[in-house]
$ cat structure_8.pdb   # PDB, C-alpha atoms and all ligand atoms
MODEL        1
ATOM      1  CA  GLY I 823       0.000   0.000   0.000  1.00  0.00           C
ATOM      2  CA  LEU I 824       0.798   3.694   0.081  1.00  0.00           C
ATOM      3  CA  LYS I 825       1.143   6.116   2.982  1.00  0.00           C
ATOM      4  CA  SER I 826      -2.377   6.903   4.136  1.00  0.00           C
ATOM      5  CA  ASN I 827      -3.726  10.450   4.614  1.00  0.00           C
ATOM      6  CA  PRO I 828      -4.099  11.195   8.347  1.00  0.00           C
ATOM      7  CA  GLY I 829      -7.774  10.851   9.282  1.00  0.00           C
ATOM      8  CA  LYS I 830      -8.708   8.618   6.323  1.00  0.00           C
ATOM      9  CA  HIS I 831      -9.123   5.498   8.523  1.00  0.00           C
ATOM     10  CA  PRO I 832      -9.964   7.054  11.924  1.00  0.00           C
ATOM     11  CA  TRP I 833     -11.252   3.662  13.215  1.00  0.00           C
ATOM     12  CA  GLN I 834      -7.835   2.031  12.693  1.00  0.00           C
ATOM     13  CA  ALA I 835      -6.270   0.849  15.970  1.00  0.00           C
ATOM     14  CA  SER I 836      -2.774  -0.419  16.756  1.00  0.00           C
ATOM     15  CA  LEU I 837      -2.597  -3.276  19.276  1.00  0.00           C
ATOM     16  CA  ARG I 838       0.615  -3.129  21.275  1.00  0.00           C
ATOM     17  CA  MET I 839       2.270  -5.663  23.465  1.00  0.00           C
ATOM     18  CA  ILE I 840       4.015  -4.514  26.618  1.00  0.00           C
ATOM     19  CA  PRO I 841       6.853  -4.330  27.308  1.00  0.00           C
ATOM     20  CA  PRO I 842       7.634  -3.309  23.718  1.00  0.00           C
ATOM     21  CA  GLU I 843      11.360  -3.856  24.190  1.00  0.00           C
ATOM     22  CA  THR I 844      10.892  -7.616  23.960  1.00  0.00           C
ATOM     23  CA  ILE I 845       9.680  -7.761  20.369  1.00  0.00           C
ATOM     24  CA  PRO I 846      11.344  -6.518  17.230  1.00  0.00           C
ATOM     25  CA  THR I 847       8.546  -4.348  15.815  1.00  0.00           C
ATOM     26  CA  PRO I 848       8.213  -0.569  16.171  1.00  0.00           C
ATOM     27  CA  LYS I 849       6.955   0.230  19.658  1.00  0.00           C
ATOM     28  CA  GLY I 850       5.600  -3.283  20.146  1.00  0.00           C
ATOM     29  CA  HIS I 851       2.938  -3.147  17.405  1.00  0.00           C
ATOM     30  CA  LEU I 852       1.329  -6.575  17.297  1.00  0.00           C
ATOM     31  CA  CYS I 853      -1.790  -6.312  15.160  1.00  0.00           C
ATOM     32  CA  GLY I 854      -4.410  -3.960  13.826  1.00  0.00           C
ATOM     33  CA  GLY I 855      -7.830  -3.354  15.341  1.00  0.00           C
ATOM     34  CA  VAL I 856     -11.007  -1.432  14.520  1.00  0.00           C
ATOM     35  CA  LEU I 857     -12.946   1.010  16.736  1.00  0.00           C
ATOM     36  CA  ILE I 858     -16.674   0.187  16.531  1.00  0.00           C
ATOM     37  CA  ASP I 859     -17.860   1.873  19.749  1.00  0.00           C
ATOM     38  CA  PRO I 860     -16.031   4.331  22.043  1.00  0.00           C
ATOM     39  CA  CYS I 861     -15.095   1.475  24.429  1.00  0.00           C
ATOM     40  CA  TRP I 862     -14.917  -1.449  21.943  1.00  0.00           C
ATOM     41  CA  VAL I 863     -12.341  -2.557  19.392  1.00  0.00           C
ATOM     42  CA  VAL I 864     -12.722  -5.499  16.976  1.00  0.00           C
ATOM     43  CA  THR I 865      -9.616  -7.496  16.122  1.00  0.00           C
ATOM     44  CA  ALA I 866      -8.654 -11.036  15.044  1.00  0.00           C
ATOM     45  CA  ALA I 867      -8.842 -13.752  17.715  1.00  0.00           C
ATOM     46  CA  HIS I 868      -5.437 -15.054  16.595  1.00  0.00           C
ATOM     47  CA  CYS I 869      -3.975 -11.664  17.644  1.00  0.00           C
ATOM     48  CA  VAL I 870      -5.029 -11.859  21.280  1.00  0.00           C
ATOM     49  CA  MET I 871      -3.648 -15.160  22.525  1.00  0.00           C
ATOM     50  CA  LEU I 872      -2.204 -13.252  25.501  1.00  0.00           C
ATOM     51  CA  LYS I 873      -3.407 -11.538  28.661  1.00  0.00           C
ATOM     52  CA  ALA I 874      -5.393  -8.283  28.665  1.00  0.00           C
ATOM     53  CA  LYS I 875      -2.778  -6.807  31.013  1.00  0.00           C
ATOM     54  CA  GLU I 876      -0.115  -7.262  28.323  1.00  0.00           C
ATOM     55  CA  LEU I 877      -2.049  -5.221  25.730  1.00  0.00           C
ATOM     56  CA  ARG I 878      -2.447  -1.563  24.861  1.00  0.00           C
ATOM     57  CA  VAL I 879      -4.723  -0.120  22.197  1.00  0.00           C
ATOM     58  CA  VAL I 880      -3.562   3.037  20.434  1.00  0.00           C
ATOM     59  CA  LEU I 881      -6.094   5.079  18.416  1.00  0.00           C
ATOM     60  CA  GLY I 882      -5.405   8.077  16.172  1.00  0.00           C
ATOM     61  CA  ASP I 883      -1.968   6.785  15.256  1.00  0.00           C
ATOM     62  CA  GLN I 884      -0.133   7.279  11.948  1.00  0.00           C
ATOM     63  CA  ASP I 885       3.550   6.915  12.737  1.00  0.00           C
ATOM     64  CA  LEU I 886       4.266   4.034  15.143  1.00  0.00           C
ATOM     65  CA  ILE I 887       7.508   5.560  16.424  1.00  0.00           C
ATOM     66  CA  LYS I 888       6.777   9.292  16.614  1.00  0.00           C
ATOM     67  CA  PRO I 889       4.590  10.501  19.504  1.00  0.00           C
ATOM     68  CA  GLU I 890       1.558  12.220  17.942  1.00  0.00           C
ATOM     69  CA  VAL I 891      -0.954  14.583  19.564  1.00  0.00           C
ATOM     70  CA  SER I 892      -3.783  12.666  17.842  1.00  0.00           C
ATOM     71  CA  GLU I 893      -2.996   9.455  19.785  1.00  0.00           C
ATOM     72  CA  GLN I 894      -5.338   8.056  22.445  1.00  0.00           C
ATOM     73  CA  THR I 895      -3.985   5.038  24.348  1.00  0.00           C
ATOM     74  CA  PHE I 896      -6.041   2.588  26.408  1.00  0.00           C
ATOM     75  CA  LYS I 897      -5.542  -0.417  28.600  1.00  0.00           C
ATOM     76  CA  VAL I 898      -7.769  -3.430  27.899  1.00  0.00           C
ATOM     77  CA  GLU I 899     -10.390  -4.319  30.509  1.00  0.00           C
ATOM     78  CA  LYS I 900     -11.350  -7.644  28.967  1.00  0.00           C
ATOM     79  CA  ILE I 901     -10.741  -9.782  25.871  1.00  0.00           C
ATOM     80  CA  PHE I 902     -13.702 -11.599  24.268  1.00  0.00           C
ATOM     81  CA  SER I 903     -12.395 -14.100  21.723  1.00  0.00           C
ATOM     82  CA  HIS I 904     -15.122 -15.721  19.648  1.00  0.00           C
ATOM     83  CA  PRO I 905     -16.185 -18.944  21.450  1.00  0.00           C
ATOM     84  CA  ASP I 906     -15.889 -20.914  18.170  1.00  0.00           C
ATOM     85  CA  TYR I 907     -12.427 -19.628  17.258  1.00  0.00           C
ATOM     86  CA  TYR I 908     -10.017 -22.421  16.354  1.00  0.00           C
ATOM     87  CA  ASP I 909      -7.028 -23.038  14.170  1.00  0.00           C
ATOM     88  CA  ASP I 910      -6.912 -26.033  11.836  1.00  0.00           C
ATOM     89  CA  SER I 911      -3.483 -26.534  10.241  1.00  0.00           C
ATOM     90  CA  GLU I 912      -2.714 -22.797  10.088  1.00  0.00           C
ATOM     91  CA  VAL I 913      -6.218 -21.743   8.976  1.00  0.00           C
ATOM     92  CA  PRO I 914      -8.040 -19.681  11.625  1.00  0.00           C
ATOM     93  CA  TYR I 915     -11.825 -20.139  11.814  1.00  0.00           C
ATOM     94  CA  ASN I 916     -14.188 -17.604  13.431  1.00  0.00           C
ATOM     95  CA  ASP I 917     -11.132 -15.386  13.751  1.00  0.00           C
ATOM     96  CA  ILE I 918     -12.668 -12.442  15.581  1.00  0.00           C
ATOM     97  CA  ALA I 919     -12.348 -10.934  19.048  1.00  0.00           C
ATOM     98  CA  LEU I 920     -13.634  -7.911  20.925  1.00  0.00           C
ATOM     99  CA  LEU I 921     -11.529  -5.785  23.246  1.00  0.00           C
ATOM    100  CA  LYS I 922     -13.268  -3.791  25.947  1.00  0.00           C
ATOM    101  CA  LEU I 923     -11.201  -0.690  26.612  1.00  0.00           C
ATOM    102  CA  LYS I 924     -10.606   0.526  30.157  1.00  0.00           C
ATOM    103  CA  PRO I 925     -12.212   3.978  30.565  1.00  0.00           C
ATOM    104  CA  VAL I 926     -10.104   6.916  31.751  1.00  0.00           C
ATOM    105  CA  ASN I 927     -12.031   9.554  33.773  1.00  0.00           C
ATOM    106  CA  GLY I 928     -15.300   7.863  32.794  1.00  0.00           C
ATOM    107  CA  HIS I 929     -14.757   7.737  29.047  1.00  0.00           C
ATOM    108  CA  CYS I 930     -12.921   5.712  26.383  1.00  0.00           C
ATOM    109  CA  ALA I 931     -12.306   7.000  22.838  1.00  0.00           C
ATOM    110  CA  GLN I 932     -13.096  10.679  22.298  1.00  0.00           C
ATOM    111  CA  GLU I 933     -14.147  11.528  18.755  1.00  0.00           C
ATOM    112  CA  THR I 934     -11.724  13.722  16.780  1.00  0.00           C
ATOM    113  CA  LYS I 935     -10.724  14.087  13.121  1.00  0.00           C
ATOM    114  CA  TYR I 936      -8.315  11.168  13.740  1.00  0.00           C
ATOM    115  CA  VAL I 937     -10.445   8.948  15.994  1.00  0.00           C
ATOM    116  CA  LYS I 938     -13.941   7.812  14.991  1.00  0.00           C
ATOM    117  CA  THR I 939     -16.037   4.659  15.163  1.00  0.00           C
ATOM    118  CA  VAL I 940     -16.981   2.750  11.988  1.00  0.00           C
ATOM    119  CA  CYS I 941     -20.385   1.162  11.262  1.00  0.00           C
ATOM    120  CA  LEU I 942     -20.739  -2.620  11.215  1.00  0.00           C
ATOM    121  CA  SER I 943     -21.888  -4.102   7.930  1.00  0.00           C
ATOM    122  CA  GLU I 944     -24.967  -6.329   8.274  1.00  0.00           C
ATOM    123  CA  GLU I 945     -25.385  -7.089   4.588  1.00  0.00           C
ATOM    124  CA  PRO I 946     -23.226  -8.479   1.796  1.00  0.00           C
ATOM    125  CA  PHE I 947     -21.394  -6.270  -0.690  1.00  0.00           C
ATOM    126  CA  PRO I 948     -21.280  -7.656  -4.249  1.00  0.00           C
ATOM    127  CA  THR I 949     -18.255  -9.425  -5.738  1.00  0.00           C
ATOM    128  CA  GLY I 950     -16.009  -6.901  -7.454  1.00  0.00           C
ATOM    129  CA  THR I 951     -16.771  -4.069  -5.008  1.00  0.00           C
ATOM    130  CA  GLU I 952     -13.697  -1.940  -4.417  1.00  0.00           C
ATOM    131  CA  CYS I 953     -12.945  -1.767  -0.700  1.00  0.00           C
ATOM    132  CA  TYR I 954     -10.070  -0.551   1.512  1.00  0.00           C
ATOM    133  CA  ILE I 955      -7.459  -2.144   3.717  1.00  0.00           C
ATOM    134  CA  SER I 956      -5.045  -0.374   6.054  1.00  0.00           C
ATOM    135  CA  GLY I 957      -2.323  -1.234   8.520  1.00  0.00           C
ATOM    136  CA  TRP I 958       1.315  -1.199   9.580  1.00  0.00           C
ATOM    137  CA  GLY I 959       2.064  -4.691   8.277  1.00  0.00           C
ATOM    138  CA  LYS I 960       4.896  -5.994   6.123  1.00  0.00           C
ATOM    139  CA  THR I 961       5.404  -4.393   2.723  1.00  0.00           C
ATOM    140  CA  SER I 962       7.161  -5.745  -0.358  1.00  0.00           C
ATOM    141  CA  THR I 963      10.452  -4.829   1.362  1.00  0.00           C
ATOM    142  CA  GLY I 964       9.662  -7.570   3.923  1.00  0.00           C
ATOM    143  CA  LYS I 965       9.591  -5.133   6.844  1.00  0.00           C
ATOM    144  CA  GLU I 966       6.634  -3.826   8.839  1.00  0.00           C
ATOM    145  CA  SER I 967       5.812  -0.201   8.084  1.00  0.00           C
ATOM    146  CA  GLN I 968       6.390   2.702  10.464  1.00  0.00           C
ATOM    147  CA  HIS I 969       3.629   4.686   8.700  1.00  0.00           C
ATOM    148  CA  LEU I 970       0.013   3.630   8.357  1.00  0.00           C
ATOM    149  CA  LEU I 971      -0.441   2.370   4.795  1.00  0.00           C
ATOM    150  CA  ASP I 972      -3.614   1.703   2.832  1.00  0.00           C
ATOM    151  CA  ALA I 973      -4.674   0.127  -0.435  1.00  0.00           C
ATOM    152  CA  ASN I 974      -7.763  -0.623  -2.492  1.00  0.00           C
ATOM    153  CA  VAL I 975      -8.757  -4.264  -2.958  1.00  0.00           C
ATOM    154  CA  LYS I 976     -11.681  -5.898  -4.740  1.00  0.00           C
ATOM    155  CA  LEU I 977     -14.046  -8.430  -3.191  1.00  0.00           C
ATOM    156  CA  ILE I 978     -13.536 -11.885  -4.713  1.00  0.00           C
ATOM    157  CA  SER I 979     -16.221 -14.558  -5.038  1.00  0.00           C
ATOM    158  CA  LYS I 980     -16.070 -17.643  -2.837  1.00  0.00           C
ATOM    159  CA  SER I 981     -16.001 -19.922  -5.873  1.00  0.00           C
ATOM    160  CA  HIS I 982     -12.956 -18.167  -7.326  1.00  0.00           C
ATOM    161  CA  CYS I 983     -11.221 -18.080  -3.936  1.00  0.00           C
ATOM    162  CA  ASN I 984     -11.908 -21.781  -3.332  1.00  0.00           C
ATOM    163  CA  ALA I 985     -10.663 -22.935  -6.754  1.00  0.00           C
ATOM    164  CA  PRO I 986      -8.101 -25.782  -6.644  1.00  0.00           C
ATOM    165  CA  ASP I 987      -5.247 -23.418  -7.598  1.00  0.00           C
ATOM    166  CA  GLN I 988      -6.373 -20.903  -4.924  1.00  0.00           C
ATOM    167  CA  TYR I 989      -7.559 -22.045  -1.476  1.00  0.00           C
ATOM    168  CA  ASP I 990      -9.088 -25.341  -2.572  1.00  0.00           C
ATOM    169  CA  ASN I 991     -12.201 -25.121  -0.324  1.00  0.00           C
ATOM    170  CA  LEU I 992     -10.420 -23.936   2.841  1.00  0.00           C
ATOM    171  CA  VAL I 993     -12.473 -20.709   2.724  1.00  0.00           C
ATOM    172  CA  ASP I 994     -15.777 -21.129   4.566  1.00  0.00           C
ATOM    173  CA  ASP I 995     -18.868 -18.899   4.677  1.00  0.00           C
ATOM    174  CA  THR I 996     -17.568 -16.899   7.656  1.00  0.00           C
ATOM    175  CA  MET I 997     -14.725 -15.601   5.469  1.00  0.00           C
ATOM    176  CA  ILE I 998     -14.477 -13.210   2.513  1.00  0.00           C
ATOM    177  CA  CYS I 999     -11.600 -12.981   0.039  1.00  0.00           C
ATOM    178  CA  ALA I1000     -10.283  -9.717  -1.328  1.00  0.00           C
ATOM    179  CA  GLY I1001      -7.263  -8.575  -3.263  1.00  0.00           C
ATOM    180  CA  ILE I1002      -5.806  -7.317  -6.455  1.00  0.00           C
ATOM    181  CA  GLN I1003      -2.781  -9.065  -7.914  1.00  0.00           C
ATOM    182  CA  GLY I1004       0.145  -7.829  -5.828  1.00  0.00           C
ATOM    183  CA  THR I1005      -1.942  -5.688  -3.452  1.00  0.00           C
ATOM    184  CA  ASP I1006      -2.634  -7.410  -0.158  1.00  0.00           C
ATOM    185  CA  SER I1007      -2.619  -7.314   3.605  1.00  0.00           C
ATOM    186  CA  CYS I1008       0.310  -9.026   5.306  1.00  0.00           C
ATOM    187  CA  GLN I1009       1.873  -9.908   8.656  1.00  0.00           C
ATOM    188  CA  GLY I1010       1.172  -7.084  11.122  1.00  0.00           C
ATOM    189  CA  ASP I1011      -2.074  -6.077   9.374  1.00  0.00           C
ATOM    190  CA  SER I1012      -4.058  -8.879  11.051  1.00  0.00           C
ATOM    191  CA  GLY I1013      -7.020  -7.670  13.085  1.00  0.00           C
ATOM    192  CA  GLY I1014      -7.284  -4.499  11.011  1.00  0.00           C
ATOM    193  CA  PRO I1015     -10.125  -3.311   8.779  1.00  0.00           C
ATOM    194  CA  LEU I1016     -11.478  -4.207   5.375  1.00  0.00           C
ATOM    195  CA  THR I1017     -13.989  -1.388   4.876  1.00  0.00           C
ATOM    196  CA  CYS I1018     -16.423  -0.850   2.012  1.00  0.00           C
ATOM    197  CA  GLU I1019     -18.439   2.248   1.151  1.00  0.00           C
ATOM    198  CA  ARG I1020     -22.197   2.478   0.650  1.00  0.00           C
ATOM    199  CA  ASP I1021     -24.074   5.773   0.168  1.00  0.00           C
ATOM    200  CA  GLY I1022     -20.967   7.691   1.201  1.00  0.00           C
ATOM    201  CA  LYS I1023     -20.663   5.797   4.501  1.00  0.00           C
ATOM    202  CA  TYR I1024     -17.918   3.350   5.469  1.00  0.00           C
ATOM    203  CA  TYR I1025     -18.767  -0.086   6.834  1.00  0.00           C
ATOM    204  CA  LEU I1026     -16.535  -2.664   8.470  1.00  0.00           C
ATOM    205  CA  TYR I1027     -16.940  -5.688   6.197  1.00  0.00           C
ATOM    206  CA  GLY I1028     -13.890  -7.804   7.024  1.00  0.00           C
ATOM    207  CA  VAL I1029     -11.121  -8.258   9.593  1.00  0.00           C
ATOM    208  CA  VAL I1030      -7.640  -9.114   8.268  1.00  0.00           C
ATOM    209  CA  SER I1031      -7.214 -12.806   9.097  1.00  0.00           C
ATOM    210  CA  TRP I1032      -5.006 -15.027   6.907  1.00  0.00           C
ATOM    211  CA  GLY I1033      -3.689 -15.899   3.480  1.00  0.00           C
ATOM    212  CA  PHE I1034      -1.004 -17.813   1.623  1.00  0.00           C
ATOM    213  CA  GLN I1035       2.046 -15.523   1.850  1.00  0.00           C
ATOM    214  CA  CYS I1036       1.244 -11.970   0.735  1.00  0.00           C
ATOM    215  CA  GLY I1037       0.242 -10.610  -2.668  1.00  0.00           C
ATOM    216  CA  LYS I1038       0.258 -14.004  -4.369  1.00  0.00           C
ATOM    217  CA  LYS I1039      -3.227 -15.250  -3.560  1.00  0.00           C
ATOM    218  CA  PRO I1040      -6.240 -13.278  -2.257  1.00  0.00           C
ATOM    219  CA  GLY I1041      -6.183 -12.119   1.358  1.00  0.00           C
ATOM    220  CA  VAL I1042      -8.777 -13.813   3.557  1.00  0.00           C
ATOM    221  CA  TYR I1043     -10.877 -11.736   5.952  1.00  0.00           C
ATOM    222  CA  THR I1044     -13.299 -12.642   8.736  1.00  0.00           C
ATOM    223  CA  LEU I1045     -16.750 -11.796   7.302  1.00  0.00           C
ATOM    224  CA  VAL I1046     -18.164  -9.262   9.764  1.00  0.00           C
ATOM    225  CA  PRO I1047     -21.912  -9.570   8.861  1.00  0.00           C
ATOM    226  CA  LYS I1048     -21.763 -13.231  10.040  1.00  0.00           C
ATOM    227  CA  PHE I1049     -20.693 -11.994  13.467  1.00  0.00           C
ATOM    228  CA  HIS I1050     -22.987  -8.988  13.748  1.00  0.00           C
ATOM    229  CA  SER I1051     -25.263 -10.600  16.379  1.00  0.00           C
ATOM    230  CA  TRP I1052     -22.337 -11.951  18.400  1.00  0.00           C
ATOM    231  CA  ILE I1053     -20.741  -8.483  18.445  1.00  0.00           C
ATOM    232  CA  LYS I1054     -23.976  -6.685  19.392  1.00  0.00           C
ATOM    233  CA  ASP I1055     -24.944  -9.301  22.010  1.00  0.00           C
ATOM    234  CA  THR I1056     -21.491  -9.283  23.605  1.00  0.00           C
ATOM    235  CA  ILE I1057     -21.451  -5.495  23.887  1.00  0.00           C
ATOM    236  CA  ARG I1058     -25.049  -5.392  25.183  1.00  0.00           C
ATOM    237  CA  GLU I1059     -24.567  -8.155  27.770  1.00  0.00           C
ATOM    238  CA  GLU I1060     -21.363  -6.645  29.033  1.00  0.00           C
ATOM    239  CA  SER I1061     -22.873  -3.154  29.324  1.00  0.00           C
ATOM    240  CA  GLU I1062     -26.053  -4.491  31.040  1.00  0.00           C
ATOM    241  CA  SER I1063     -24.097  -6.470  33.639  1.00  0.00           C
ATOM    242  CA  PHE I1064     -22.489  -3.194  34.768  1.00  0.00           C
ATOM    243  CA  ARG I1065     -25.723  -1.202  35.239  1.00  0.00           C
TER     244      ARG I1065
HETATM  245  C1  LIG C   1      -0.295 -12.792   8.738  1.00  0.00           C
HETATM  246  O1  LIG C   1       0.686 -13.513   8.770  1.00  0.00           O
HETATM  247  C2  LIG C   1      -1.007 -12.597   7.459  1.00  0.00           C
HETATM  248  N1  LIG C   1      -2.313 -11.873   2.723  1.00  0.00           N
HETATM  249  C3  LIG C   1      -2.048 -11.696   7.382  1.00  0.00           C
HETATM  250  C4  LIG C   1      -2.737 -11.514   6.191  1.00  0.00           C
HETATM  251  C5  LIG C   1      -2.377 -12.256   5.091  1.00  0.00           C
HETATM  252  C6  LIG C   1      -1.333 -13.157   5.147  1.00  0.00           C
HETATM  253  C7  LIG C   1      -0.659 -13.330   6.351  1.00  0.00           C
HETATM  254  C8  LIG C   1      -3.147 -12.043   3.823  1.00  0.00           C
HETATM  255  O2  LIG C   1      -0.701 -12.223   9.759  1.00  0.00           O
ENDMDL
END
$ encode --input "structure_8.pdb" --output "structure tokens" --more "lines below"
Ligand code: 4AZ
Amino acid sequence: GLKSNPGKHPWQASLRMIPPETIPTPKGHLCGGVLIDPCWVVTAAHCVMLKAKELRVVLGDQDLIKPEVSEQTFKVEKIFSHPDYYDDSEVPYNDIALLKLKPVNGHCAQETKYVKTVCLSEEPFPTGTECYISGWGKTSTGKESQHLLDANVKLISKSHCNAPDQYDNLVDDTMICAGIQGTDSCQGDSGGPLTCERDGKYYLYGVVSWGFQCGKKPGVYTLVPKFHSWIKDTIREESESFR
């Protein structure tokens, strides 16, 4: 991808592992995430196989190394990995998780030009729709990016993605493929957004999940509409139990 304009993906989150000194990525960046409610971030379940205490969520970030005034950093109160998440010979199924942010002075994310929530998609977008991916993952140089990058990708049909020379039926109906030859998400982008536009509004349609290498076959994304009820129910139940 190319360097993204600040404020173009204001729902993009950076998941950090603490202490950052122990891993070789800028400031401990582990995965992407997506802000869907002031106190809730969606990510990939395969990203959060660690304790909530070891995580930080940074919103409003562009440059992973430079401190930026647009940044808002939160601790994680609780991790909700999808109960049906599992990994079968490197393929993650139901690869989605919710992070409940720990409020500071009674609030979580505060809306700015650089920090905003995104809508959840409840309906399918047609094959061929041009959508957007963003993240700090590996580029063609083989290194993770210091700057937030983005790219356009097209939604790919299940039948094409499951062809014998592609994923040979490993892609199930909780996943959506997207890509353009050579343009793809990669290591470090996991958990981040695949957003699509409808009537001038952006919707979270996929969560970066897996793929064979990068840029060679389509990227595979967790299909958000399939998890709409789980997301809404989890947020509702958790908010109700604290009233
Ligand atoms: C990864 O390793 C990864 N091309 C993420 C996305 C894709 C491949 C690998 C999709 O986290």
$ residues_near_ligand --input "structure_8.pdb" --ligand "ligand LIG 1 (chain C)" --cutoff "10 Å" --atoms "all atoms listed in the file" --output "count of residues only"
38
$ closest_residue --input "structure_8.pdb" --among "I:Lys1048, I:Lys922, I:His969, I:Arg878" --to "Pro828 of chain I" --atoms "all atoms listed in the file"
I:His969
$ atom_distance --input "structure_8.pdb" --atom1 "atom CA of Cys941 of chain I" --atom2 "atom CA of Glu1060 of chain I"
19.4 Å
$ resolve_selection --input "structure_8.pdb" --expression "the PyMOL selection byres (((chain I and resi 933) around 12) and not hetatm)" --output "list of chain:residue names"
I:Gly829, I:Pro832, I:Trp833, I:Leu857, I:Ile858, I:Asp859, I:Pro860, I:Cys861, I:Leu881, I:Gly882, I:Ser892, I:Glu893, I:Gln894, I:His929, I:Cys930, I:Ala931, I:Gln932, I:Thr934, I:Lys935, I:Tyr936, I:Val937, I:Lys938, I:Thr939, I:Val940
$ residues_around --input "structure_8.pdb" --residues "segment 943-952 of chain I" --least-positions-apart "6" --cutoff "10 Å" --atoms "all atoms listed in the file" --output "NGL selection string"
:I and (974-980 or 998-1002 or 1017-1020 or 1024-1028 or 1045-1051)
$ atom_distance --input "structure_8.pdb" --atom1 "atom CA of Cys983 of chain I" --atom2 "atom CA of Ser911 of chain I"
18.2 Å
$ closest_residue --input "structure_8.pdb" --among "I:Thr963, I:Gln968, I:Asn916, I:Thr1044" --to "Lys849 of chain I" --atoms "only C-alpha atoms"
I:Gln968
$ atom_distance --input "structure_8.pdb" --atom1 "atom CA of Ile955 of chain I" --atom2 "atom CA of Glu899 of chain I"
27.0 Å
$ closest_residue --input "structure_8.pdb" --among "I:Leu872, I:Gly855, I:Trp862, I:Pro841" --to "Lys1054 of chain I" --atoms "all atoms listed in the file"
I:Trp862
$ residues_around --input "structure_8.pdb" --residues "Met871 of chain I" --least-positions-apart "2" --cutoff "12 Å" --atoms "all atoms listed in the file" --output "list in words"
Met839, Leu852, Cys853, Thr865, Ala866, Ala867, His868, Cys869, Lys873, Ala874, Lys875, Glu876, Leu877, Ile901, Phe902, Ser903, His904, Tyr907, Tyr908, Asp909, Asp917, Ile918 and Ala919 of chain I
$ residues_around --input "structure_8.pdb" --residues "Leu824 of chain I" --least-positions-apart "2" --cutoff "7 Å" --atoms "all atoms listed in the file" --output "ChimeraX atom specification"
/I:826,971-973
$ residues_near_point --input "structure_8.pdb" --point "(-10.2, -2.8, 28.3)" --cutoff "7 Å" --atoms "all atoms listed in the file" --output "list in words"
Lys897, Val898, Glu899, Lys900, Leu921, Lys922, Leu923 and Lys924 of chain I
$ axis_aligned_box --input "structure_8.pdb" --around "segment 976-990 of chain I" --padding-each-side "4 Å" --output "AutoDock Vina command-line options"
--center_x -10.7 --center_y -15.8 --center_z -4.5 --size_x 19.0 --size_y 27.9 --size_z 14.1
$ closest_residue --input "structure_8.pdb" --among "I:Arg1065, I:Pro914, I:Val926, I:His982" --to "Met997 of chain I" --atoms "only C-alpha atoms"
I:Pro914
